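Have a look at upload_6.pdb; it's PDB, C-alpha atoms:
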```
MODEL        1
ATOM      1  CA  MET A   1      99.588 -49.951-179.182
ATOM      2  CA  THR A   2      96.569 -51.754-177.778
ATOM      3  CA  ARG A   3      93.696 -52.777-179.986
ATOM      4  CA  PHE A   4      90.680 -54.432-178.451
ATOM      5  CA  ALA A   5      87.305 -55.615-179.707
ATOM      6  CA  ILE A   6      83.949 -54.931-178.053
ATOM      7  CA  ILE A   7      80.944 -57.164-178.665
ATOM      8  CA  SER A   8      77.491 -57.187-177.073
ATOM      9  CA  ASP A   9      74.045 -58.757-177.176
ATOM     10  CA  THR A  10      74.847 -62.038-178.897
ATOM     11  CA  HIS A  11      71.566 -63.536-177.647
ATOM     12  CA  GLY A  12      72.310 -67.150-178.455
ATOM     13  CA  ASN A  13      73.081 -66.393-182.108
ATOM     14  CA  PHE A  14      76.054 -68.685-182.634
ATOM     15  CA  GLU A  15      76.149 -68.176-186.399
ATOM     16  CA  ALA A  16      76.599 -64.424-185.968
ATOM     17  CA  LEU A  17      79.125 -64.820-183.153
ATOM     18  CA  THR A  18      81.238 -67.245-185.161
ATOM     19  CA  GLN A  19      81.427 -64.865-188.110
ATOM     20  CA  VAL A  20      82.279 -61.953-185.827
ATOM     21  CA  PHE A  21      85.176 -63.856-184.282
ATOM     22  CA  GLY A  22      86.390 -64.765-187.759
ATOM     23  CA  ASP A  23      86.515 -61.069-188.562
ATOM     24  CA  ILE A  24      88.195 -60.221-185.257
ATOM     25  CA  ASP A  25      90.908 -62.763-186.037
ATOM     26  CA  ALA A  26      91.374 -61.305-189.514
ATOM     27  CA  LYS A  27      91.608 -57.729-188.239
ATOM     28  CA  GLY A  28      93.562 -58.491-185.094
ATOM     29  CA  ALA A  29      92.748 -57.647-181.482
ATOM     30  CA  ASP A  30      94.743 -57.997-178.291
ATOM     31  CA  GLU A  31      91.652 -58.550-176.152
ATOM     32  CA  VAL A  32      87.891 -58.953-176.488
ATOM     33  CA  PHE A  33      85.274 -57.472-174.151
ATOM     34  CA  CYS A  34      81.677 -58.720-174.197
ATOM     35  CA  LEU A  35      79.113 -56.356-172.681
ATOM     36  CA  GLY A  36      76.652 -59.096-171.783
ATOM     37  CA  ASP A  37      73.431 -60.686-173.029
ATOM     38  CA  VAL A  38      75.178 -63.757-174.346
ATOM     39  CA  VAL A  39      71.841 -65.558-173.988
ATOM     40  CA  GLY A  40      68.128 -64.945-174.450
ATOM     41  CA  TYR A  41      66.011 -65.036-177.636
ATOM     42  CA  GLY A  42      68.474 -67.237-179.525
ATOM     43  CA  PRO A  43      68.751 -70.979-180.070
ATOM     44  CA  GLN A  44      72.388 -71.752-179.167
ATOM     45  CA  PRO A  45      73.198 -70.232-175.764
ATOM     46  CA  GLN A  46      75.481 -73.064-174.688
ATOM     47  CA  GLU A  47      77.544 -72.867-177.870
ATOM     48  CA  CYS A  48      77.917 -69.102-177.517
ATOM     49  CA  ALA A  49      79.056 -69.400-173.908
ATOM     50  CA  ASP A  50      81.503 -72.159-174.800
ATOM     51  CA  LEU A  51      83.073 -70.014-177.514
ATOM     52  CA  LEU A  52      83.457 -67.004-175.217
ATOM     53  CA  ARG A  53      85.115 -69.139-172.566
ATOM     54  CA  GLU A  54      87.376 -70.754-175.152
ATOM     55  CA  ARG A  55      88.413 -67.319-176.384
ATOM     56  CA  ARG A  56      88.960 -66.032-172.812
ATOM     57  CA  VAL A  57      86.735 -63.042-173.420
ATOM     58  CA  THR A  58      86.270 -60.505-170.625
ATOM     59  CA  LEU A  59      82.547 -60.901-170.007
ATOM     60  CA  LEU A  60      80.163 -58.558-168.198
ATOM     61  CA  MET A  61      76.711 -59.372-166.904
ATOM     62  CA  GLY A  62      73.757 -58.342-169.046
ATOM     63  CA  ASN A  63      70.130 -58.141-168.025
ATOM     64  CA  HIS A  64      69.441 -61.539-169.625
ATOM     65  CA  GLU A  65      72.161 -63.187-167.548
ATOM     66  CA  GLN A  66      70.731 -61.451-164.497
ATOM     67  CA  GLY A  67      67.282 -62.732-165.474
ATOM     68  CA  LEU A  68      68.576 -66.286-165.133
ATOM     69  CA  ILE A  69      69.390 -65.810-161.453
ATOM     70  CA  ASN A  70      65.922 -65.953-159.888
ATOM     71  CA  ILE A  71      62.257 -65.051-160.268
ATOM     72  CA  HIS A  72      62.856 -61.548-158.880
ATOM     73  CA  TYR A  73      65.065 -60.563-161.816
ATOM     74  CA  LEU A  74      62.999 -62.556-164.314
ATOM     75  CA  GLY A  75      59.966 -60.474-163.364
ATOM     76  CA  GLY A  76      61.371 -57.479-165.209
ATOM     77  CA  PHE A  77      60.896 -59.116-168.625
ATOM     78  CA  ASN A  78      57.855 -59.366-170.877
ATOM     79  CA  GLN A  79      56.276 -62.799-171.256
ATOM     80  CA  PRO A  80      58.025 -63.898-174.492
ATOM     81  CA  ALA A  81      61.401 -62.914-173.030
ATOM     82  CA  LYS A  82      60.596 -64.760-169.776
ATOM     83  CA  ASP A  83      59.711 -67.866-171.766
ATOM     84  CA  SER A  84      62.940 -67.619-173.760
ATOM     85  CA  LEU A  85      65.031 -67.376-170.598
ATOM     86  CA  ARG A  86      63.284 -70.367-169.031
ATOM     87  CA  LYS A  87      63.988 -72.374-172.170
ATOM     88  CA  THR A  88      67.543 -71.040-172.263
ATOM     89  CA  ARG A  89      68.139 -72.244-168.698
ATOM     90  CA  GLU A  90      67.114 -75.755-169.746
ATOM     91  CA  MET A  91      69.697 -75.667-172.553
ATOM     92  CA  LEU A  92      72.623 -74.661-170.318
ATOM     93  CA  THR A  93      74.827 -76.956-168.291
ATOM     94  CA  GLU A  94      75.031 -76.189-164.588
ATOM     95  CA  LYS A  95      78.659 -75.129-165.009
ATOM     96  CA  THR A  96      77.767 -72.685-167.769
ATOM     97  CA  TYR A  97      74.834 -71.291-165.814
ATOM     98  CA  GLU A  98      77.061 -70.591-162.816
ATOM     99  CA  TRP A  99      79.666 -69.000-165.095
ATOM    100  CA  LEU A 100      77.171 -66.711-166.819
ATOM    101  CA  ILE A 101      75.754 -65.290-163.587
ATOM    102  CA  SER A 102      79.134 -64.810-161.901
ATOM    103  CA  HIS A 103      80.433 -61.774-163.773
ATOM    104  CA  HIS A 104      80.766 -58.137-162.762
ATOM    105  CA  LYS A 105      78.314 -55.466-163.877
ATOM    106  CA  SER A 106      81.094 -53.145-165.014
ATOM    107  CA  VAL A 107      84.798 -53.275-165.749
ATOM    108  CA  VAL A 108      87.435 -50.567-166.203
ATOM    109  CA  ALA A 109      90.364 -51.392-168.487
ATOM    110  CA  HIS A 110      92.679 -49.424-170.786
ATOM    111  CA  GLY A 111      91.245 -46.239-169.296
ATOM    112  CA  CYS A 112      87.747 -47.134-170.531
ATOM    113  CA  ARG A 113      84.595 -48.257-168.761
ATOM    114  CA  PHE A 114      82.555 -51.205-170.037
ATOM    115  CA  VAL A 115      78.953 -51.823-168.922
ATOM    116  CA  HIS A 116      75.859 -53.421-170.411
ATOM    117  CA  GLY A 117      73.215 -50.750-169.850
ATOM    118  CA  THR A 118      74.217 -47.365-168.433
ATOM    119  CA  PRO A 119      77.233 -46.296-166.399
ATOM    120  CA  PRO A 120      78.424 -46.790-163.841
ATOM    121  CA  ASP A 121      77.037 -50.341-163.576
ATOM    122  CA  SER A 122      73.380 -50.747-164.568
ATOM    123  CA  VAL A 123      72.481 -53.819-166.596
ATOM    124  CA  THR A 124      68.820 -52.837-167.047
ATOM    125  CA  ASP A 125      68.736 -49.102-167.783
ATOM    126  CA  TYR A 126      68.607 -47.959-171.418
ATOM    127  CA  ILE A 127      70.886 -45.116-172.476
ATOM    128  CA  TRP A 128      68.286 -43.625-174.851
ATOM    129  CA  LYS A 129      66.191 -42.618-171.821
ATOM    130  CA  TYR A 130      68.800 -39.993-170.984
ATOM    131  CA  GLU A 131      69.381 -38.379-174.362
ATOM    132  CA  LYS A 132      68.221 -35.000-173.020
ATOM    133  CA  THR A 133      70.148 -35.295-169.758
ATOM    134  CA  MET A 134      73.413 -36.903-170.833
ATOM    135  CA  GLY A 135      75.421 -34.576-168.616
ATOM    136  CA  ASP A 136      73.969 -36.445-165.653
ATOM    137  CA  ILE A 137      75.092 -39.753-167.139
ATOM    138  CA  PHE A 138      78.644 -38.526-167.757
ATOM    139  CA  ALA A 139      78.754 -37.371-164.134
ATOM    140  CA  ARG A 140      78.269 -40.971-163.021
ATOM    141  CA  PHE A 141      81.658 -42.188-164.249
ATOM    142  CA  SER A 142      85.148 -40.713-164.415
ATOM    143  CA  GLU A 143      86.643 -42.500-167.417
ATOM    144  CA  GLU A 144      87.075 -40.621-170.681
ATOM    145  CA  ILE A 145      85.368 -43.355-172.734
ATOM    146  CA  CYS A 146      82.517 -45.707-171.858
ATOM    147  CA  PHE A 147      81.194 -48.533-174.035
ATOM    148  CA  VAL A 148      77.620 -49.778-173.580
ATOM    149  CA  GLY A 149      75.217 -52.212-175.270
ATOM    150  CA  HIS A 150      71.656 -53.233-174.328
ATOM    151  CA  THR A 151      69.732 -51.135-176.904
ATOM    152  CA  HIS A 152      70.899 -53.192-179.927
ATOM    153  CA  ASP A 153      71.306 -49.826-181.657
ATOM    154  CA  LEU A 154      74.258 -47.697-182.706
ATOM    155  CA  MET A 155      74.835 -44.222-181.324
ATOM    156  CA  ARG A 156      77.558 -42.062-179.836
ATOM    157  CA  PHE A 157      77.435 -39.287-177.252
ATOM    158  CA  THR A 158      80.108 -36.691-176.513
ATOM    159  CA  PHE A 159      80.563 -34.363-173.556
ATOM    160  CA  ASP A 160      82.886 -31.356-173.207
ATOM    161  CA  THR A 161      82.194 -30.441-169.544
ATOM    162  CA  LYS A 162      79.430 -28.034-170.547
ATOM    163  CA  SER A 163      77.200 -29.746-173.078
ATOM    164  CA  SER A 164      76.596 -33.108-174.668
ATOM    165  CA  GLY A 165      75.843 -34.127-178.220
ATOM    166  CA  LYS A 166      74.463 -37.181-179.981
ATOM    167  CA  LEU A 167      76.233 -38.350-183.121
ATOM    168  CA  PRO A 168      75.703 -41.220-185.577
ATOM    169  CA  LEU A 169      77.947 -44.267-185.440
ATOM    170  CA  PRO A 170      78.450 -45.423-189.036
ATOM    171  CA  GLU A 171      80.240 -48.438-190.416
ATOM    172  CA  GLY A 172      83.988 -47.870-190.603
ATOM    173  CA  ASP A 173      86.313 -45.529-188.733
ATOM    174  CA  THR A 174      85.436 -42.789-186.263
ATOM    175  CA  ILE A 175      88.037 -40.839-184.283
ATOM    176  CA  LEU A 176      87.118 -40.287-180.641
ATOM    177  CA  GLU A 177      88.415 -36.766-180.227
ATOM    178  CA  GLN A 178      90.787 -35.883-177.415
ATOM    179  CA  GLY A 179      89.646 -33.242-174.970
ATOM    180  CA  MET A 180      86.136 -34.684-174.922
ATOM    181  CA  ARG A 181      84.474 -37.611-173.192
ATOM    182  CA  HIS A 182      82.646 -40.283-175.149
ATOM    183  CA  LEU A 183      79.873 -42.802-174.546
ATOM    184  CA  VAL A 184      79.551 -45.367-177.327
ATOM    185  CA  ASN A 185      76.542 -47.658-177.836
ATOM    186  CA  ILE A 186      78.019 -50.398-180.024
ATOM    187  CA  GLY A 187      74.944 -52.290-181.231
ATOM    188  CA  SER A 188      74.312 -56.032-181.277
ATOM    189  CA  VAL A 189      76.010 -59.142-182.623
ATOM    190  CA  GLY A 190      72.987 -61.395-182.515
ATOM    191  CA  GLN A 191      69.933 -59.218-182.963
ATOM    192  CA  PRO A 192      70.637 -55.771-184.493
ATOM    193  CA  ARG A 193      67.862 -53.183-184.300
ATOM    194  CA  ASP A 194      69.492 -50.347-186.212
ATOM    195  CA  GLY A 195      67.918 -51.055-189.599
ATOM    196  CA  ASP A 196      70.824 -53.190-190.848
ATOM    197  CA  ASN A 197      70.606 -56.931-190.212
ATOM    198  CA  ARG A 198      74.347 -57.587-190.196
ATOM    199  CA  ALA A 199      76.078 -58.435-186.914
ATOM    200  CA  LYS A 200      77.817 -55.435-185.323
ATOM    201  CA  TYR A 201      80.927 -55.122-183.220
ATOM    202  CA  ALA A 202      83.636 -52.528-182.560
ATOM    203  CA  LEU A 203      87.421 -52.337-182.623
ATOM    204  CA  PHE A 204      89.246 -49.611-180.711
ATOM    205  CA  ASP A 205      92.869 -48.549-181.121
ATOM    206  CA  THR A 206      94.019 -46.805-177.939
ATOM    207  CA  ASP A 207      96.932 -44.997-179.628
ATOM    208  CA  SER A 208      95.148 -43.504-182.629
ATOM    209  CA  ARG A 209      91.810 -43.372-180.765
ATOM    210  CA  THR A 210      90.202 -44.902-183.835
ATOM    211  CA  LEU A 211      86.899 -46.684-183.269
ATOM    212  CA  THR A 212      86.091 -49.030-186.140
ATOM    213  CA  MET A 213      82.559 -50.343-186.450
ATOM    214  CA  ARG A 214      82.410 -53.654-188.267
ATOM    215  CA  PHE A 215      79.199 -54.887-189.942
ATOM    216  CA  ILE A 216      79.367 -58.639-190.572
ATOM    217  CA  LYS A 217      77.166 -60.856-192.730
ATOM    218  CA  TYR A 218      76.133 -64.267-191.427
ATOM    219  CA  ASP A 219      73.626 -67.034-192.208
ATOM    220  CA  ILE A 220      70.452 -65.438-190.845
ATOM    221  CA  GLN A 221      68.215 -68.192-192.178
ATOM    222  CA  LYS A 222      70.104 -70.892-190.262
ATOM    223  CA  THR A 223      69.650 -69.059-186.973
ATOM    224  CA  ALA A 224      66.006 -68.259-187.693
ATOM    225  CA  ASP A 225      65.286 -71.910-188.489
ATOM    226  CA  LEU A 226      66.912 -73.021-185.236
ATOM    227  CA  ILE A 227      64.889 -70.509-183.227
ATOM    228  CA  ILE A 228      61.694 -72.055-184.554
ATOM    229  CA  LYS A 229      63.002 -75.621-184.294
ATOM    230  CA  HIS A 230      63.837 -75.220-180.609
ATOM    231  CA  GLY A 231      60.449 -73.741-179.788
ATOM    232  CA  PHE A 232      61.363 -70.127-179.184
ATOM    233  CA  ASN A 233      58.876 -67.420-180.105
ATOM    234  CA  ARG A 234      58.757 -67.015-183.892
ATOM    235  CA  ALA A 235      58.992 -63.240-183.439
ATOM    236  CA  PHE A 236      62.612 -63.665-182.362
ATOM    237  CA  ALA A 237      63.352 -65.241-185.738
ATOM    238  CA  ASN A 238      61.467 -62.555-187.652
ATOM    239  CA  ARG A 239      63.465 -59.814-185.906
ATOM    240  CA  LEU A 240      66.691 -61.045-187.477
ATOM    241  CA  TYR A 241      65.620 -60.016-190.978
TER
ENDMDL
END
```

As structure tokens, what does this structure read like?
Amino acid sequence: MTRFAIISDTHGNFEALTQVFGDIDAKGADEVFCLGDVVGYGPQPQECADLLRERRVTLLMGNHEQGLINIHYLGGFNQPAKDSLRKTREMLTEKTYEWLISHHKSVVAHGCRFVHGTPPDSVTDYIWKYEKTMGDIFARFSEEICFVGHTHDLMRFTFDTKSSGKLPLPEGDTILEQGMRHLVNIGSVGQPRDGDNRAKYALFDTDSRTLTMRFIKYDIQKTADLIIKHGFNRAFANRLY
């Protein structure tokens, strides 16, 4: 049996990330995959990166990591996000900066594909743009299951070679049916946008094909206060509530 955890979109929220790893340890996982956006918006990017390195997480590049590379990539962000990435860069050591921008845009492991935005390897494209043409998205990758982040929302798509369907992704267990292909948008650790302010992450059991969505409480006020203290846009703090 292999059981792995999938996290995404931590966005410098060390309080949320710490609580998520506490839950991962309690539940047990053989490996952890992070779908990117470790940084941006949040006040503790260095601490988040340090924890991921310490835990030997398999990290993918997100659009916020890509935005750190140069002005070309930074140009794709709105002004508050640009400002947050410039401030984030000042808070990172050179070693951490180089580490964050060095990762692949997609990984295949345990028969699954992992990518930040949309398969096969986009870090910037949002999956919701393709809700009416999901067959085209499934044609872009060969794996039975693909995990994505980027939207900070929770949703699941299935495909049976003829048609696709969109399904909710609730807290708790969901079986990913055999004989179908699945694309799972796992939500956000550090800045959820699904109407529930708890940190989100997923566990997947490859034998039982059970996907378990975990919703984790953390000290939102502490993170919000640090966002303001470090001079990030106050809107990034307000979003956490």

Item to complete: Apply the PyMOL selection byres ((chain A and resi 141) around 12) to the displayed file and report the matching residues as a list in words.
Response: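 That selection, the PyMOL selection byres ((chain A and resi 141) around 12), comes back as Ser106, Val107, Val108, Gly111, Cys112, Arg113, Phe114, Val115, Thr118, Pro119, Pro120, Asp121, Ser122, Met134, Gly135, Asp136, Ile137, Phe138, Ala139, Arg140, Ser142, Glu143, Glu144, Ile145, Cys146, Phe147, Arg181, His182 and Leu183 of chain A.
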
Fill in: Nearest to Glu171 (chain A), chosen from A:Val148, A:Val38, A:Ala202, A:Leu100, with all atoms listed in the file counted in the distances
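Going through A:Val148, A:Val38, A:Ala202, A:Leu100 one by one, the smallest distance to Glu171 (chain A) is for A:Ala202.
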
Worksheet item: What do you get, as number ranges by chain, if you spell out every residue that the PyMOL selection byres ((chain A and resi 239) around 12) selects here?
Response: A: 41-42, 152, 190-198, 220-221, 223-224, 227, 233-238, 240-241

Discussion item. Once the PyMOL selection byres ((chain A and resi 209) around 9) is applied to the coordinates I shared, what remains selected? I want it as JSON, numbers by chain.
Written reply: {"A": [174, 175, 176, 177, 178, 204, 205, 206, 207, 208, 210, 211]}

Discussion item. I'd like to know which of A:Lys105, A:His64, A:Arg55, A:Lys132 is closest to Leu85 (chain A), using only C-alpha atoms.
Written reply: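 That would be A:His64, the residue with the smallest distance to Leu85 (chain A).
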
Expected axis-aligned box over every listed atom of region 22-34 of chain A, 4 Å added per side, centre plus edges in Å to one decimal, as AutoDock Vina command-line options:
```
--center_x 88.2 --center_y -61.1 --center_z -181.8 --size_x 21.1 --size_y 15.3 --size_z 23.4
```

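Nearest to Ser163 (chain A) of all the residues A:Glu31, A:Glu54, A:Ala81, A:Met180 is A:Met180, based on only C-alpha atoms.
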
Worksheet item: When you draw a straight line from CA of Pro43 (chain A) to CA of Glu65 (chain A), how long is it in Å?
Response: 15.1 Å

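Nearest residue to Met91 (chain A), choosing from A:Thr151, A:Lys162, A:Lys27, A:Val39 and counting only C-alpha atoms: A:Val39.
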
Worksheet item: How far is it from CA of Glu131 (chain A) to CA of Val184 (chain A), in Å with one decimal?
Response: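 Distance reported for this atom pair: 12.7 Å.
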
What lies within 8 Å of Gln46 (chain A) using all atoms listed in the file, ignoring chain neighbours under 2 positions off, as an mmCIF file with C-alpha atoms, keeping the file's coordinate frame?
```cif
data_model
loop_
_atom_site.group_PDB
_atom_site.id
_atom_site.type_symbol
_atom_site.label_atom_id
_atom_site.label_comp_id
_atom_site.auth_asym_id
_atom_site.auth_seq_id
_atom_site.Cartn_x
_atom_site.Cartn_y
_atom_site.Cartn_z
ATOM 1 C CA GLY A 12 72.310 -67.150 -178.455
ATOM 2 C CA GLN A 44 72.388 -71.752 -179.167
ATOM 3 C CA CYS A 48 77.917 -69.102 -177.517
ATOM 4 C CA ALA A 49 79.056 -69.400 -173.908
ATOM 5 C CA ASP A 50 81.503 -72.159 -174.800
ATOM 6 C CA MET A 91 69.697 -75.667 -172.553
ATOM 7 C CA LEU A 92 72.623 -74.661 -170.318
ATOM 8 C CA THR A 93 74.827 -76.956 -168.291
ATOM 9 C CA THR A 96 77.767 -72.685 -167.769
#
```

Worksheet entry | Distance criterion (only C-alpha atoms): nearest to Leu60 (chain A) out of A:Tyr73, A:Phe33, A:Phe157, A:Phe14 |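 Residue with the minimum atom-to-atom distance to Leu60 (chain A): A:Phe33.
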
Item to complete: Tell me, in Å to one decimal, how far CA of Ile69 (chain A) is from CA of His116 (chain A).
Response: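 Atom-to-atom, CA of Ile69 (chain A) to CA of His116 (chain A), that is 16.6 Å.
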
Worksheet item: Is there a way to get, as a PyMOL selection string, all residues within 12 Å of the point (91.4, -59.0, -181.9) in file coordinates, counting only C-alpha atoms?
Response: chain A and resi 2-7+20-33+55-57+201-205

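Closest approach to Thr88 (chain A) from the set A:Tyr126, A:Ile216, A:His104, A:Gly67 is made by A:Gly67, with distances taken over all atoms listed in the file.
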